[in-house]
file protein-v1.csv (CSV, C-alpha atoms)
chain,number,residue,atom,x,y,z
I,1,MET,CA,7.9,14.8,-63.0
I,2,LYS,CA,4.8,16.8,-62.5
I,3,ALA,CA,2.6,13.7,-62.5
I,4,TRP,CA,4.7,12.2,-59.7
I,5,LEU,CA,4.3,15.3,-57.7
I,6,ILE,CA,0.6,15.3,-58.1
I,7,ILE,CA,0.3,11.6,-57.2
I,8,GLY,CA,2.6,12.1,-54.2
I,9,SER,CA,0.6,15.0,-52.8
I,10,LEU,CA,-2.7,13.1,-53.4
I,11,LEU,CA,-1.3,10.1,-51.4
I,12,LEU,CA,-0.1,12.4,-48.6
I,13,SER,CA,-3.4,14.1,-48.3
I,14,SER,CA,-5.3,10.9,-48.2
I,15,VAL,CA,-3.1,9.8,-45.4
I,16,PHE,CA,-4.0,13.0,-43.5
I,17,LEU,CA,-7.6,12.4,-44.2
I,18,VAL,CA,-7.5,8.9,-42.7
I,19,ILE,CA,-5.8,10.2,-39.6
I,20,SER,CA,-8.2,13.1,-39.1
I,21,CYS,CA,-11.1,10.8,-39.8
I,22,GLU,CA,-10.2,8.8,-36.8
I,23,ASN,CA,-13.6,8.4,-35.2
I,24,ASP,CA,-14.8,10.3,-32.2
I,25,SER,CA,-15.0,7.3,-29.9
I,26,SER,CA,-11.3,6.5,-30.5
I,27,ILE,CA,-10.4,10.1,-29.5
I,28,GLU,CA,-12.7,9.8,-26.5
I,29,PHE,CA,-11.1,6.6,-25.5
I,30,LYS,CA,-7.6,8.1,-25.7
I,31,ARG,CA,-8.7,11.0,-23.5
I,32,TYR,CA,-10.2,8.7,-20.9
I,33,TYR,CA,-7.2,6.5,-21.0
I,34,THR,CA,-4.7,9.4,-20.6
I,35,GLU,CA,-6.6,11.0,-17.7
I,36,GLY,CA,-7.2,7.6,-16.2
I,37,ALA,CA,-3.4,7.0,-16.0
I,38,GLN,CA,-3.0,10.0,-13.8
I,39,VAL,CA,-5.9,8.9,-11.5
I,40,TYR,CA,-4.3,5.5,-11.3
I,41,ILE,CA,-1.0,7.0,-10.2
I,42,THR,CA,-2.6,9.1,-7.5
I,43,HIS,CA,-5.2,6.6,-6.1
I,44,CYS,CA,-4.2,3.1,-7.0
I,45,GLN,CA,-0.5,2.6,-7.8
I,46,ASN,CA,0.8,2.6,-4.3
I,47,CYS,CA,-1.0,-0.7,-3.6
I,48,HIS,CA,-1.6,-2.2,-7.0
I,49,GLY,CA,1.8,-1.4,-8.4
I,50,THR,CA,3.2,0.3,-11.5
I,51,HIS,CA,2.3,-2.6,-13.7
I,52,GLY,CA,-0.9,-3.6,-11.9
I,53,GLU,CA,0.9,-6.5,-10.3
I,54,GLY,CA,-0.6,-6.2,-6.9
I,55,LEU,CA,1.4,-7.4,-3.9
I,56,LEU,CA,1.8,-11.2,-3.6
I,57,ALA,CA,-1.1,-12.6,-1.5
I,58,LEU,CA,-1.8,-9.2,0.1
I,59,ILE,CA,-3.1,-7.1,-2.7
I,60,PRO,CA,-4.8,-8.5,-5.8
I,61,PRO,CA,-3.3,-7.8,-9.3
I,62,LEU,CA,-5.3,-6.0,-11.9
I,63,THR,CA,-4.4,-8.4,-14.7
I,64,ASP,CA,-7.4,-10.7,-14.5
I,65,SER,CA,-9.6,-9.7,-17.5
I,66,VAL,CA,-12.2,-12.4,-16.6
I,67,TYR,CA,-12.7,-10.8,-13.1
I,68,PHE,CA,-13.3,-7.5,-14.8
I,69,LYS,CA,-15.8,-8.9,-17.3
I,70,ASN,CA,-17.7,-10.7,-14.5
I,71,ASN,CA,-17.8,-7.6,-12.3
I,72,LYS,CA,-18.3,-5.0,-15.0
I,73,THR,CA,-21.3,-3.3,-13.5
I,74,THR,CA,-20.1,-3.2,-9.9
I,75,LEU,CA,-16.5,-2.0,-10.4
I,76,ALA,CA,-17.3,1.7,-10.1
I,77,CYS,CA,-19.1,1.1,-6.7
I,78,SER,CA,-16.2,-1.1,-5.5
I,79,ILE,CA,-13.6,1.5,-6.3
I,80,ARG,CA,-15.6,4.4,-4.8
I,81,ASP,CA,-16.9,2.6,-1.7
I,82,GLY,CA,-14.0,0.2,-1.1
I,83,MET,CA,-14.2,-3.5,-0.7
I,84,LYS,CA,-14.5,-5.6,2.4
I,85,ASP,CA,-15.6,-9.1,1.3
I,86,PRO,CA,-13.0,-11.7,0.3
I,87,LEU,CA,-12.6,-12.1,-3.4
I,88,ILE,CA,-10.9,-14.4,-5.9
I,89,VAL,CA,-8.7,-12.8,-8.5
I,90,GLY,CA,-6.6,-14.8,-11.0
I,91,GLY,CA,-7.5,-18.0,-9.1
I,92,LYS,CA,-6.2,-16.7,-5.8
I,93,GLY,CA,-8.1,-15.6,-2.7
I,94,PHE,CA,-7.7,-12.1,-1.2
I,95,ALA,CA,-9.2,-11.0,2.1
I,96,ASN,CA,-7.8,-7.6,2.9
I,97,THR,CA,-10.0,-4.5,2.7
I,98,MET,CA,-9.7,-1.9,0.0
I,99,PRO,CA,-10.2,1.6,1.3
I,100,GLN,CA,-12.8,3.8,-0.4
I,101,GLN,CA,-11.6,6.5,-2.9
I,102,VAL,CA,-12.9,9.9,-3.2
I,103,LEU,CA,-13.4,10.0,-7.0
I,104,SER,CA,-16.0,11.7,-9.3
I,105,PRO,CA,-18.0,9.6,-11.8
I,106,ILE,CA,-15.8,10.9,-14.6
I,107,GLU,CA,-12.6,10.0,-12.8
I,108,LEU,CA,-14.0,6.6,-12.1
I,109,ALA,CA,-14.8,6.1,-15.7
I,110,GLU,CA,-11.3,7.3,-16.7
I,111,VAL,CA,-9.5,5.0,-14.3
I,112,ILE,CA,-11.7,2.0,-15.1
I,113,THR,CA,-10.9,2.6,-18.8
I,114,TYR,CA,-7.2,2.9,-18.0
I,115,ILE,CA,-7.1,-0.3,-15.9
I,116,GLN,CA,-9.2,-2.3,-18.3
I,117,ASN,CA,-6.9,-1.4,-21.2
I,118,SER,CA,-3.6,-1.8,-19.4
I,119,PHE,CA,-1.7,-4.7,-17.8
I,120,GLY,CA,-2.7,-7.1,-20.5
I,121,ASN,CA,-6.4,-6.2,-20.4
I,122,LYS,CA,-8.2,-5.0,-23.6
I,123,LEU,CA,-11.8,-4.3,-22.6
I,124,GLY,CA,-12.4,-1.0,-24.3
I,125,LEU,CA,-14.0,2.3,-23.1
I,126,THR,CA,-16.1,2.7,-20.0
I,127,THR,CA,-18.0,6.0,-20.3
I,128,VAL,CA,-19.1,8.3,-17.6
I,129,ASP,CA,-22.7,7.5,-18.5
I,130,GLN,CA,-22.2,3.8,-17.9
I,131,VAL,CA,-20.5,4.6,-14.5
I,132,GLN,CA,-23.4,6.8,-13.5
I,133,ALA,CA,-25.9,4.1,-14.4
I,134,ASP,CA,-23.9,1.5,-12.5
I,135,MET,CA,-23.7,3.7,-9.4
I,136,THR,CA,-27.4,3.9,-9.0
I,137,ASN,CA,-27.2,0.3,-7.9
I,138,CYS,CA,-24.4,0.7,-5.4
I,139,LYS,CA,-25.0,-1.2,-2.2
X,1,MET,CA,53.1,16.9,-24.3
X,2,ARG,CA,49.9,15.2,-25.5
X,3,LYS,CA,51.1,11.9,-24.0
X,4,LEU,CA,51.8,13.7,-20.7
X,5,ILE,CA,48.3,15.1,-20.5
X,6,PHE,CA,46.8,11.7,-21.4
X,7,GLY,CA,48.9,10.1,-18.7
X,8,LEU,CA,47.8,12.6,-16.2
X,9,LEU,CA,44.2,12.0,-17.1
X,10,VAL,CA,44.6,8.3,-16.6
X,11,VAL,CA,46.2,8.8,-13.2
X,12,LEU,CA,43.6,11.3,-12.1
X,13,THR,CA,40.7,9.1,-13.3
X,14,TRP,CA,42.2,6.1,-11.4
X,15,ALA,CA,42.7,8.2,-8.3
X,16,ALA,CA,39.1,9.5,-8.5
X,17,CYS,CA,37.8,5.9,-8.8
X,18,LYS,CA,39.9,4.7,-6.0
X,19,SER,CA,38.7,7.3,-3.5
X,20,GLY,CA,35.1,6.5,-4.6
X,21,ASP,CA,35.7,2.8,-3.7
X,22,LYS,CA,36.8,3.7,-0.3
X,23,LYS,CA,33.7,5.7,0.6
X,24,ALA,CA,32.6,4.9,4.1
X,25,LEU,CA,29.1,5.4,5.4
X,26,PRO,CA,28.5,8.3,7.8
X,27,ILE,CA,27.8,7.6,11.4
X,28,TYR,CA,24.7,9.4,12.5
X,29,GLY,CA,23.6,10.6,16.0
X,30,ASN,CA,25.3,12.4,18.8
X,31,ARG,CA,28.8,11.6,19.7
X,32,GLN,CA,31.1,12.4,22.5
X,33,ALA,CA,34.9,12.2,23.0
X,34,VAL,CA,35.9,10.2,26.0
X,35,THR,CA,39.5,10.2,27.4
X,36,LYS,CA,40.6,7.2,29.2
X,37,THR,CA,43.9,5.6,30.3
X,38,VAL,CA,44.9,2.3,28.6
X,39,ASN,CA,48.2,0.7,29.7
X,40,GLY,CA,49.4,4.0,31.2
X,41,LYS,CA,48.7,5.9,28.0
X,42,THR,CA,46.0,8.5,27.6
X,43,VAL,CA,43.6,7.5,24.7
X,44,THR,CA,40.8,9.6,23.3
X,45,ASP,CA,37.8,7.6,22.1
X,46,THR,CA,34.7,8.6,20.3
X,47,ILE,CA,31.5,7.2,21.8
X,48,TYR,CA,28.7,7.1,19.2
X,49,GLN,CA,25.0,7.1,19.8
X,50,THR,CA,23.7,3.5,19.7
X,51,ILE,CA,20.3,1.9,19.7
X,52,PRO,CA,19.5,1.3,23.3
X,53,LYS,CA,18.0,-1.8,25.0
X,54,PHE,CA,14.5,-2.9,23.8
X,55,LYS,CA,12.1,-5.7,24.0
X,56,PHE,CA,9.4,-6.6,21.5
X,57,VAL,CA,7.7,-9.7,20.3
X,58,ASN,CA,7.9,-11.1,16.7
X,59,GLN,CA,5.4,-12.7,14.4
X,60,TYR,CA,6.2,-16.1,15.9
X,61,GLY,CA,5.5,-15.0,19.4
X,62,ASP,CA,9.2,-15.0,20.3
X,63,SER,CA,10.5,-12.2,22.4
X,64,ILE,CA,13.1,-10.1,20.5
X,65,THR,CA,15.6,-7.8,22.3
X,66,ASN,CA,18.5,-5.7,21.3
X,67,LYS,CA,20.6,-8.9,22.1
X,68,SER,CA,18.8,-10.8,19.4
X,69,LEU,CA,20.5,-8.5,16.9
X,70,ASP,CA,24.0,-8.7,18.3
X,71,GLY,CA,26.5,-9.0,15.5
X,72,ASP,CA,23.9,-8.2,12.8
X,73,ILE,CA,23.6,-5.5,10.3
X,74,TYR,CA,19.9,-4.6,10.3
X,75,VAL,CA,17.3,-2.4,8.7
X,76,ALA,CA,14.4,-1.1,10.8
X,77,ASP,CA,11.2,0.4,9.6
X,78,PHE,CA,7.7,1.3,11.0
X,79,PHE,CA,4.4,0.3,9.5
X,80,PHE,CA,1.0,-1.2,10.2
X,81,THR,CA,-0.7,-4.0,8.4
X,82,THR,CA,-3.9,-2.1,7.5
X,83,CYS,CA,-2.0,1.0,6.2
X,84,PRO,CA,-3.4,1.8,2.8
X,85,SER,CA,-1.0,4.5,1.7
X,86,ILE,CA,2.7,4.1,1.7
X,87,CYS,CA,3.0,0.7,3.4
X,88,PRO,CA,2.4,-1.5,0.4
X,89,VAL,CA,5.1,0.4,-1.5
X,90,MET,CA,7.4,0.0,1.5
X,91,ALA,CA,6.7,-3.7,1.7
X,92,ARG,CA,7.3,-4.1,-2.0
X,93,ASN,CA,10.7,-2.3,-1.7
X,94,MET,CA,11.6,-4.1,1.6
X,95,LEU,CA,11.0,-7.4,-0.2
X,96,LYS,CA,13.8,-6.4,-2.6
X,97,VAL,CA,16.1,-5.9,0.4
X,98,PHE,CA,14.9,-9.2,1.9
X,99,GLY,CA,15.5,-11.0,-1.4
X,100,ALA,CA,19.0,-9.6,-1.7
X,101,PHE,CA,20.2,-10.6,1.8
X,102,LYS,CA,18.0,-13.3,3.2
X,103,SER,CA,20.7,-16.0,2.8
X,104,THR,CA,23.8,-14.0,3.7
X,105,GLY,CA,23.6,-14.4,7.5
X,106,ASN,CA,24.3,-11.6,10.1
X,107,PHE,CA,21.5,-9.6,8.5
X,108,LYS,CA,18.0,-8.8,9.8
X,109,ILE,CA,15.1,-6.7,9.0
X,110,ILE,CA,12.8,-5.5,11.8
X,111,SER,CA,9.5,-3.9,10.9
X,112,HIS,CA,7.8,-2.4,13.9
X,113,SER,CA,4.0,-2.2,13.9
X,114,ILE,CA,2.9,1.2,15.1
X,115,ASP,CA,-0.7,-0.1,15.6
X,116,PRO,CA,-0.2,-2.9,18.1
X,117,LYS,CA,-3.9,-2.9,19.1
X,118,HIS,CA,-4.9,-4.3,15.7
X,119,ASP,CA,-1.6,-5.9,14.7
X,120,SER,CA,-1.6,-8.9,17.1
X,121,ILE,CA,0.9,-11.7,16.7
X,122,PRO,CA,-1.4,-13.8,14.6
X,123,VAL,CA,-2.2,-10.7,12.4
X,124,LEU,CA,1.5,-10.1,11.9
X,125,LYS,CA,2.1,-13.8,11.2
X,126,LYS,CA,-0.6,-13.8,8.5
X,127,TYR,CA,0.8,-10.6,7.0
X,128,ALA,CA,4.3,-12.2,6.9
X,129,ASP,CA,2.9,-15.3,5.3
X,130,LYS,CA,1.1,-13.2,2.6
X,131,LEU,CA,4.3,-11.5,1.8
X,132,GLY,CA,6.0,-14.9,1.5
X,133,VAL,CA,8.3,-14.1,4.4
X,134,THR,CA,9.5,-17.2,6.3
X,135,GLY,CA,12.5,-17.9,8.5
X,136,ASN,CA,14.2,-15.5,10.9
X,137,THR,CA,15.7,-12.8,8.6
X,138,TRP,CA,12.6,-10.5,8.7
X,139,TRP,CA,10.8,-10.0,11.9
X,140,PHE,CA,7.5,-8.1,12.3
X,141,LEU,CA,7.6,-6.7,15.8
X,142,GLN,CA,4.8,-5.8,18.2
X,143,GLY,CA,5.1,-4.1,21.5
X,144,LYS,CA,3.8,-1.3,23.7
X,145,LYS,CA,2.8,1.6,21.5
X,146,GLU,CA,4.9,4.0,23.7
X,147,ASP,CA,7.9,1.8,23.4
X,148,THR,CA,7.7,1.7,19.7
X,149,TYR,CA,7.2,5.4,19.3
X,150,THR,CA,10.0,6.2,21.8
X,151,ILE,CA,12.5,4.0,20.0
X,152,ALA,CA,11.4,5.4,16.6
X,153,GLU,CA,11.7,9.0,17.6
X,154,LYS,CA,14.5,9.0,20.1
X,155,SER,CA,16.8,6.3,18.6
X,156,TYR,CA,16.3,5.6,15.0
X,157,LEU,CA,15.0,8.8,13.7
X,158,VAL,CA,16.4,11.6,15.8
X,159,ALA,CA,19.7,10.2,14.7
X,160,VAL,CA,18.9,10.8,11.1
X,161,SER,CA,16.8,14.0,11.5
X,162,GLN,CA,19.7,16.2,10.5
X,163,ASP,CA,19.1,14.7,7.0
X,164,SER,CA,15.5,15.4,7.0
X,165,THR,CA,13.7,18.6,6.2
X,166,ALA,CA,10.3,17.7,7.6
X,167,ALA,CA,10.1,17.9,11.3
X,168,GLY,CA,7.2,15.7,12.5
X,169,GLY,CA,5.8,12.4,11.5
X,170,TYR,CA,8.9,10.4,10.7
X,171,VAL,CA,7.2,7.3,11.7
X,172,HIS,CA,4.8,7.7,8.9
X,173,GLN,CA,7.3,8.8,6.3
X,174,GLY,CA,8.5,5.4,5.6
X,175,TYR,CA,12.2,5.5,6.4
X,176,PHE,CA,14.3,2.4,6.2
X,177,VAL,CA,17.0,3.0,8.8
X,178,LEU,CA,20.3,1.1,8.4
X,179,VAL,CA,22.0,0.0,11.6
X,180,ASP,CA,25.5,-1.5,11.8
X,181,LYS,CA,26.9,-4.3,14.0
X,182,GLN,CA,27.9,-1.8,16.7
X,183,LYS,CA,24.2,-0.6,16.7
X,184,ARG,CA,25.0,2.8,15.2
X,185,VAL,CA,22.7,4.4,12.7
X,186,ARG,CA,24.5,4.5,9.3
X,187,GLY,CA,21.9,5.6,6.9
X,188,ALA,CA,18.2,6.4,6.3
X,189,TYR,CA,16.4,5.8,3.0
X,190,ASP,CA,13.0,6.7,1.8
X,191,GLY,CA,11.3,3.3,1.7
X,192,THR,CA,8.9,4.5,-1.0
X,193,ASP,CA,11.6,5.4,-3.5
X,194,PRO,CA,13.0,2.5,-5.4
X,195,LYS,CA,16.2,4.4,-6.2
X,196,GLN,CA,16.9,5.0,-2.5
X,197,VAL,CA,16.2,1.4,-1.8
X,198,ASP,CA,18.8,0.4,-4.4
X,199,GLN,CA,21.2,2.7,-2.6
X,200,LEU,CA,20.3,1.0,0.7
X,201,ILE,CA,21.2,-2.4,-0.8
X,202,ALA,CA,24.5,-1.0,-2.1
X,203,ASP,CA,25.2,0.5,1.3
X,204,ILE,CA,24.5,-2.8,3.1
X,205,LYS,CA,27.1,-4.4,0.9
X,206,THR,CA,29.5,-1.6,1.9
X,207,LEU,CA,28.8,-2.2,5.6
X,208,GLN,CA,29.3,-5.9,5.2
X,209,ALA,CA,32.7,-5.3,3.7
X,210,GLU,CA,33.7,-3.0,6.6
X,211,PRO,CA,36.2,-4.6,8.9
X,212,ASP,CA,34.8,-5.6,12.3
X,213,GLU,CA,35.8,-3.0,14.9
X,214,MET,CA,35.8,-3.5,18.6
X,215,ILE,CA,32.2,-3.2,19.7
X,216,VAL,CA,31.8,0.0,21.7
X,217,GLN,CA,29.9,-0.7,24.9
call {"tool": "encode", "arguments": {"input": "protein-v1.csv", "output": "structure tokens"}}
result
Amino acid sequence: MKAWLIIGSLLLSSVFLVISCENDSSIEFKRYYTEGAQVYITHCQNCHGTHGEGLLALIPPLTDSVYFKNNKTTLACSIRDGMKDPLIVGGKGFANTMPQQVLSPIELAEVITYIQNSFGNKLGLTTVDQVQADMTNCK
Amino acid sequence: MRKLIFGLLVVLTWAACKSGDKKALPIYGNRQAVTKTVNGKTVTDTIYQTIPKFKFVNQYGDSITNKSLDGDIYVADFFFTTCPSICPVMARNMLKVFGAFKSTGNFKIISHSIDPKHDSIPVLKKYADKLGVTGNTWWFLQGKKEDTYTIAEKSYLVAVSQDSTAAGGYVHQGYFVLVDKQKRVRGAYDGTDPKQVDQLIADIKTLQAEPDEMIVQ
């Protein structure tokens, strides 16, 4: 009886250990993602939709992981400064302008992390440091 | 005794449901009683506020007047193609209304551009194409800015203002205004709220089931 109790409590504590040992980057990712969801609702959802579906041929969807990979370093600039040039997303052309958004570098990093890990995308964390580095090259 | 209570409950529930079914939509706007003589008898009629004459141009370049909507139930809203804030949501929701009624006949949607300077006929056509809107159920209308603002504020939205808490800026608030076959405003719905848009779809069905009355002129 006593042996079982000891084994049980040992097992339980090892589970707790694993949970609390969750590495720092994973916690950081969750923080970015949660904050990013709020930024998305305020600044992006009206046009790009609750599920990042966009609006037919008018507003591009946010489901094209390949587009995000190819434009990794320019995303922060595009979101902050808006977009004017026609672009191809998911094999379809879009020509409407995207208005600029007043967002801080941390908010940009959060919302990029959220978008790139929602709607079928799994592209991991984008940190504020990355965003700040990318923004030195804004046009 | 228990049976009696149960019976009473059933009757009450049925009665409650029945009155729910019969719910008619309110008629908005000013009204006045008019007494007239018909066949020697004095009859009192109620004259309701109706949408007055108008003339705009649609995305195909056709001129659209109040007569173009005779005999139709229709939904009106106000937008502009470059609007970055609420318009995409409104378009998304209006597409739901469009999808529900595009093949029923006697139904129209008219979306007035409040930025006629930018929203020329080709711009409106392109916008409609991008939304996948074809045919003559949904018209995107363009006209003189004053005309659009006047009809918005004096006809569509003053009629529903008793329901609204905010005073100014109706045009930008994204209302979908429901108008019946007699050109009376029967409802206004927040075009950015999917729940209210579902209510609009339900109310259009209620209106379609309403018996045709004499058209008040």
call {"tool": "interface_residues", "arguments": {"input": "protein-v1.csv", "of": "chain I", "to": "chain X", "cutoff": "6 Å", "atoms": "all atoms listed in the file", "output": "list of chain:residue names"}}
result
I:Asn46, I:Cys47, I:Leu56, I:Ala57, I:Leu58
call {"tool": "closest_residue", "arguments": {"input": "protein-v1.csv", "among": "X:Trp139, X:Tyr149, X:Tyr189, X:Tyr48", "to": "X:Arg31", "atoms": "all atoms listed in the file"}}
result
X:Tyr48
call {"tool": "residues_around", "arguments": {"input": "protein-v1.csv", "residues": "I:Ser118", "least_positions_apart": "2", "cutoff": "9 Å", "atoms": "only C-alpha atoms", "output": "list in words"}}
result
His51, Gly52, Leu62, Thr63, Thr113, Tyr114, Ile115, Gln116, Gly120, Asn121 and Lys122 of chain I
call {"tool": "residues_around", "arguments": {"input": "protein-v1.csv", "residues": "stretch 91-108 of chain I", "least_positions_apart": "4", "cutoff": "7 Å", "atoms": "all atoms listed in the file", "output": "list in words"}}
result
Gly36, Val39, Ala57, Leu58, Ile59, Pro60, Ala76, Ile79, Arg80, Asp81, Gly82, Met83, Lys84, Asp85, Pro86, Leu87, Ile112, Val128, Val131 and Gln132 of chain I; Pro84 of chain X
call {"tool": "atom_distance", "arguments": {"input": "protein-v1.csv", "atom1": "atom CA of X:Tyr60", "atom2": "atom CA of X:Asn136"}}
result
9.5 Å
call {"tool": "residues_around", "arguments": {"input": "protein-v1.csv", "residues": "I:Asp64", "least_positions_apart": "3", "cutoff": "9 Å", "atoms": "all atoms listed in the file", "output": "ChimeraX atom specification"}}
result
/I:61,67-68,89-90,119-121
call {"tool": "atom_distance", "arguments": {"input": "protein-v1.csv", "atom1": "atom CA of X:Gly29", "atom2": "atom CA of X:Ile151"}}
result
13.5 Å
call {"tool": "residues_around", "arguments": {"input": "protein-v1.csv", "residues": "I:Thr127", "least_positions_apart": "2", "cutoff": "6 Å", "atoms": "all atoms listed in the file", "output": "short mmCIF file (atom, residue, chain, number, x, y, z; two decimals) with C-alpha atoms, keeping the file's coordinate frame"}}
result
data_model
loop_
_atom_site.label_atom_id
_atom_site.label_comp_id
_atom_site.auth_asym_id
_atom_site.auth_seq_id
_atom_site.Cartn_x
_atom_site.Cartn_y
_atom_site.Cartn_z
CA ALA I 109 -14.80 6.10 -15.70
CA ASP I 129 -22.70 7.50 -18.50
CA GLN I 130 -22.20 3.80 -17.90
#
call {"tool": "residues_around", "arguments": {"input": "protein-v1.csv", "residues": "X:Asp119", "least_positions_apart": "4", "cutoff": "9 Å", "atoms": "all atoms listed in the file", "output": "list in words"}}
result
Phe80, Thr81, Thr82, Ser113, Ile114, Asp115, Val123, Leu124 and Gln142 of chain X
call {"tool": "atom_distance", "arguments": {"input": "protein-v1.csv", "atom1": "atom CA of X:Met94", "atom2": "atom CA of X:Gly191"}}
result
7.4 Å
call {"tool": "closest_residue", "arguments": {"input": "protein-v1.csv", "among": "I:Leu125, I:Ile7, I:Lys139, I:Asp134", "to": "I:Glu28", "atoms": "only C-alpha atoms"}}
result
I:Leu125
call {"tool": "decode", "arguments": {"input": "protein-v1.csv", "residues": "stretch 101-130 of chain X", "atoms": "C-alpha atoms", "output": "CSV table (one decimal), in the first residue's frame"}}
result
chain,number,residue,atom,x,y,z
X,101,PHE,CA,-32.5,35.4,-51.8
X,102,LYS,CA,-30.7,35.9,-55.1
X,103,SER,CA,-33.0,33.4,-56.8
X,104,THR,CA,-36.3,34.2,-55.2
X,105,GLY,CA,-37.4,37.1,-57.4
X,106,ASN,CA,-39.0,40.3,-56.2
X,107,PHE,CA,-36.0,40.9,-54.0
X,108,LYS,CA,-33.2,43.4,-54.4
X,109,ILE,CA,-30.2,44.8,-52.6
X,110,ILE,CA,-29.0,48.3,-53.3
X,111,SER,CA,-25.7,49.5,-52.0
X,112,HIS,CA,-25.2,53.2,-52.4
X,113,SER,CA,-21.6,54.5,-52.7
X,114,ILE,CA,-21.1,57.5,-50.5
X,115,ASP,CA,-17.9,58.3,-52.4
X,116,PRO,CA,-19.1,58.8,-56.0
X,117,LYS,CA,-15.9,60.7,-56.9
X,118,HIS,CA,-13.8,57.6,-56.6
X,119,ASP,CA,-16.5,55.0,-57.1
X,120,SER,CA,-17.2,55.4,-60.8
X,121,ILE,CA,-19.3,52.9,-62.7
X,122,PRO,CA,-16.3,50.8,-63.8
X,123,VAL,CA,-14.9,50.8,-60.2
X,124,LEU,CA,-18.3,49.6,-58.9
X,125,LYS,CA,-18.5,47.0,-61.6
X,126,LYS,CA,-15.0,45.7,-60.7
X,127,TYR,CA,-16.0,45.7,-57.0
X,128,ALA,CA,-19.1,43.7,-57.8
X,129,ASP,CA,-17.1,41.2,-59.9
X,130,LYS,CA,-14.6,40.7,-57.1
